[in-house]
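Here the structure is laid out as structure tokens; the discussion comes afterwards.
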Amino acid sequence: MAAGAGPVAGGGLPPSFTSAAASPQQQQQQQQQHQPPPPPPQGGPPAASSPLTHNHRGGGVGNPLPASSSSCPAAPAAASPPSPSSPPSPSPPPPPPPPSSSLGPREPAYNWQATKPTVQERFAFLFNNEVLSDVHFLVGKGRAGAQRLPAHRFLYSDEVQIGPETVMTTLYTAKKYAVPALEAHCVEFLKKNLRADNAFMLLTQARLFDEPQLASLCLENIDKNTSDAINAEGFTDIDLDTLVAVLERDTLGIREVRLFNAVVRWSEAECQRQQLQVVPENKRKTLGKALSLIRFPLMTIEEFAAGPAQSGILTDREVVSLFLHFTVNPKPRVEFIDRPRCCLRGKECSINRFQQVESRWGYSGTSDRIRFSVNKRIFIVGFGLYGSIHGPTDYQVNIQIIHTDSNTILGQNDTGFSCDGSSNTFRVMFKEPVEILPTVSYTACATLKGPDSHYGTKGLRKVIHESPTTGAKTCFTFCYAAGNNNGTSVEDGQIPEIIFYT
């Protein structure tokens, strides 16, 4: 065990940094080993004040601990009983308390370490104090005149040596015996050694030990290095609740089909842990809620057909529903989330390049196009498009962003949207964010199939978006896209809105 915590009493400790910590069930068994001692003999001094609180979670209320783990009675042993003929002698008075200067002011036992950051202050508080006392000494000549002094077998030191093999054991001990300074050392060590290949293992430990700050750092690391994290050995060892917590995130940076393959690997390992046959029915059973968090609509039809559709994990009805979602418009409702995972931070932004809206813009299969550039690096996640002038209508649409000079398609999506007949814009999103670099020319394209729509006029060549929190400015510059553009230009047309993150 690392220097800094040396409990002599208590249950077994969890494994090391490279393996899972003690389970909550094991911790409960260890807590149950601490039982209050029998009451003192009749006629002795009154029992110590209310039992101490054993704080396993740095502030929660746990099992009551005895004031002493010694088997000695709370008062000196009485003399041999008098004969029936003699009057009973009074019980000896209790020993006087130690001088008040040694006891110090009375303070609550609850989480007292949090108010005493140094070893000197902690020792001063514990000296001659029943708090966390696990042994008593009888000092003096003879039992009748002996003085009963509380003591402690714990060793606390501000100098702590923590390594990968001892950090989880030490953190467990610090939590169990409510030593916040030692706990902080352990958490700081874990933060400094957090990597993609151990992020899932540390996330499980952070959730077990109720360390929200460490858990948040683990999730951020998984967001930024999702592919490396799910390929690490520890991924298949996490519990179902941790898996669900990760799959619920919108910020994972990985294609959905690869995420599905990783989740299948986890289900196979879970089948083995539960001693179930590794077959599709049991894989689905072990996944539970996690399966519904896979965003199958974000896959391409080819990815879905080659993987999930043939896995046997989805029902026939789910497979048919998803194939219809991929192939027909308007798209039928599916039971799975179709919101893109955006591995970006901050708040969504948008700009509109038109100052006025007019009626009747027609479509004949030609793409509406507009060229643009920006002054800083951004990520475009979608467009806002105008809808029908004839009331509620469904449109089919293909959206693209093209690198103008190389004519390379950087992002696209075949999808659809429903409009309500108003002159508002309607969101059409890419499956993944498209990175846009400063001073590079790009072309925004939208090919719509549907009735005549509204369109924008009085277009602006430059549109500036200013962050309401930081004041940072993102400047869009628009220019005419030569060739087939369905009439869209800087002054008039479609693609009024660009949705992005900075």
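All residue names refer to the structure tokens as shown: chains lettered A, B, ... in order, residues numbered from 1 in each chain, ligands numbered from 1 in order.
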Near-A:Phe200 list (8 Å; only C-alpha atoms; drop same-chain fewer than 3 positions) as a compact mmCIF listing (two decimals) with N, CA, C and O atoms, in the first residue's frame:
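The resulting file, part_12.txt, is reproduced below:
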# COMPACT_ATOMS: atom_id res chain seq x y z
N ALA A 196 -6.12 7.34 -24.07
CA ALA A 196 -7.20 6.69 -24.81
C ALA A 196 -7.30 5.21 -24.49
O ALA A 196 -8.40 4.65 -24.40
N ASP A 197 -6.15 4.56 -24.27
CA ASP A 197 -6.19 3.10 -24.06
C ASP A 197 -6.62 2.71 -22.65
O ASP A 197 -6.85 1.52 -22.39
N LEU A 203 -12.94 5.33 -16.51
CA LEU A 203 -14.32 5.81 -16.43
C LEU A 203 -15.15 4.90 -15.52
O LEU A 203 -15.94 5.38 -14.70
N THR A 204 -14.96 3.60 -15.66
CA THR A 204 -15.66 2.67 -14.79
C THR A 204 -15.30 2.90 -13.33
O THR A 204 -16.17 2.92 -12.45
N CYS A 218 -12.62 11.59 -18.47
CA CYS A 218 -12.57 10.34 -19.23
C CYS A 218 -13.49 10.42 -20.45
O CYS A 218 -13.11 10.01 -21.55
N ILE A 222 -12.60 10.15 -24.42
CA ILE A 222 -13.26 9.19 -25.32
C ILE A 222 -13.86 9.92 -26.52
O ILE A 222 -13.80 9.42 -27.65
N ALA A 229 -10.08 4.46 -28.21
CA ALA A 229 -10.64 4.04 -26.93
C ALA A 229 -11.45 2.75 -27.06
O ALA A 229 -11.33 1.85 -26.22
N GLY A 234 -9.63 -2.62 -22.46
CA GLY A 234 -10.57 -2.41 -21.37
C GLY A 234 -11.99 -2.11 -21.80
O GLY A 234 -12.90 -2.14 -20.96
N PHE A 235 -12.23 -1.84 -23.08
CA PHE A 235 -13.57 -1.47 -23.51
C PHE A 235 -14.58 -2.59 -23.26
O PHE A 235 -15.69 -2.35 -22.79
N ILE A 238 -16.18 -3.03 -19.52
CA ILE A 238 -17.01 -2.06 -18.81
C ILE A 238 -18.38 -2.64 -18.53
O ILE A 238 -18.81 -3.61 -19.16
Could you give me, as a ChimeraX atom specification, each residue of stretch 200-378 of chain A that DSSP assigns to helix (DSSP H, G or I) when run on this structure's backbone?
/A:200-208,212-224,226-231,233-237,240-247,256-273,280-293,296-298,301-306,308-311,316-327
If we count only C-alpha atoms and set the cut-off at 8 Å, which residues sit around A:Pro496, ignoring sequence neighbours fewer than 5 positions away in its own chain? Please answer as an mmCIF file with N, CA and C atoms, in the first residue's frame.
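Resulting contents of selection-v1.cif:
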data_model
loop_
_atom_site.group_PDB
_atom_site.id
_atom_site.type_symbol
_atom_site.label_atom_id
_atom_site.label_comp_id
_atom_site.auth_asym_id
_atom_site.auth_seq_id
_atom_site.Cartn_x
_atom_site.Cartn_y
_atom_site.Cartn_z
ATOM 1 N N ASN A 352 -27.622 33.681 -42.114
ATOM 2 C CA ASN A 352 -28.562 33.746 -43.240
ATOM 3 C C ASN A 352 -28.091 34.862 -44.173
ATOM 4 N N ARG A 353 -27.923 34.539 -45.445
ATOM 5 C CA ARG A 353 -27.323 35.490 -46.372
ATOM 6 C C ARG A 353 -28.348 36.367 -47.100
ATOM 7 N N PHE A 354 -29.626 36.143 -46.884
ATOM 8 C CA PHE A 354 -30.651 36.955 -47.554
ATOM 9 C C PHE A 354 -31.370 37.868 -46.559
ATOM 10 N N PHE A 383 -27.506 22.744 -43.746
ATOM 11 C CA PHE A 383 -28.040 23.943 -44.396
ATOM 12 C C PHE A 383 -29.463 24.189 -43.911
ATOM 13 N N GLY A 384 -29.898 25.430 -44.049
ATOM 14 C CA GLY A 384 -31.309 25.759 -43.933
ATOM 15 C C GLY A 384 -31.838 26.050 -45.332
ATOM 16 N N LEU A 385 -32.925 25.395 -45.754
ATOM 17 C CA LEU A 385 -33.469 25.537 -47.101
ATOM 18 C C LEU A 385 -34.906 26.058 -47.039
ATOM 19 N N TYR A 386 -35.310 26.739 -48.099
ATOM 20 C CA TYR A 386 -36.695 27.197 -48.195
ATOM 21 C C TYR A 386 -37.600 26.042 -48.618
ATOM 22 N N THR A 425 -36.943 28.831 -42.932
ATOM 23 C CA THR A 425 -35.991 27.843 -43.454
ATOM 24 C C THR A 425 -36.169 26.536 -42.701
ATOM 25 N N GLY A 456 -34.805 33.481 -51.551
ATOM 26 C CA GLY A 456 -34.294 34.692 -50.922
ATOM 27 C C GLY A 456 -33.849 35.730 -51.925
#
For A:Leu126, which residue among A:Phe260, A:Ala144, A:Trp112, A:Ser423 is the nearest when counting only C-alpha atoms?
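Of all the options, A:Trp112 lies closest to A:Leu126.
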Residues within 10 Å of A:Lys116, please, as a ChimeraX atom specification. Count only C-alpha atoms; anything in the same chain fewer than 6 positions from it doesn't count.
/A:122-125,180-181
Saved selection, atoms kept: N, CA and C atoms, as a PDB file, in the first residue's frame:
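Contents of result_1.pdb, as written:
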ATOM      1  N   ARG A 122      -4.664  17.404  11.712  1.00  0.00           N
ATOM      2  CA  ARG A 122      -5.390  16.149  11.881  1.00  0.00           C
ATOM      3  C   ARG A 122      -4.941  15.412  13.144  1.00  0.00           C
ATOM      4  N   PHE A 123      -3.596  15.386  13.389  1.00  0.00           N
ATOM      5  CA  PHE A 123      -3.102  14.736  14.594  1.00  0.00           C
ATOM      6  C   PHE A 123      -3.588  15.458  15.845  1.00  0.00           C
ATOM      7  N   ALA A 124      -3.603  16.799  15.793  1.00  0.00           N
ATOM      8  CA  ALA A 124      -4.053  17.565  16.955  1.00  0.00           C
ATOM      9  C   ALA A 124      -5.509  17.254  17.273  1.00  0.00           C
ATOM     10  N   PHE A 125      -6.301  17.108  16.241  1.00  0.00           N
ATOM     11  CA  PHE A 125      -7.718  16.802  16.454  1.00  0.00           C
ATOM     12  C   PHE A 125      -7.916  15.397  17.008  1.00  0.00           C
ATOM     13  N   PRO A 180      -9.683  13.079   2.523  1.00  0.00           N
ATOM     14  CA  PRO A 180      -9.809  13.808   1.258  1.00  0.00           C
ATOM     15  C   PRO A 180      -8.487  14.231   0.644  1.00  0.00           C
ATOM     16  N   ALA A 181      -7.464  14.533   1.479  1.00  0.00           N
ATOM     17  CA  ALA A 181      -6.176  14.943   0.913  1.00  0.00           C
ATOM     18  C   ALA A 181      -5.543  13.800   0.119  1.00  0.00           C
TER      19      ALA A 181
END
Hey, can you check how far atom CA of A:Val278 sits from atom CA of A:Glu303?
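Atom CA of A:Glu303 lies at a distance of 23.2 Å from atom CA of A:Val278.
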Can you pull out the residues contacting stretch 459-471 of chain A? Cut-off 10 Å, using only C-alpha atoms, and skip same-chain residues under 3 positions away; I want them as a ChimeraX atom specification.
/A:347,349-356,372-375,456,474-480,489-493,496,502
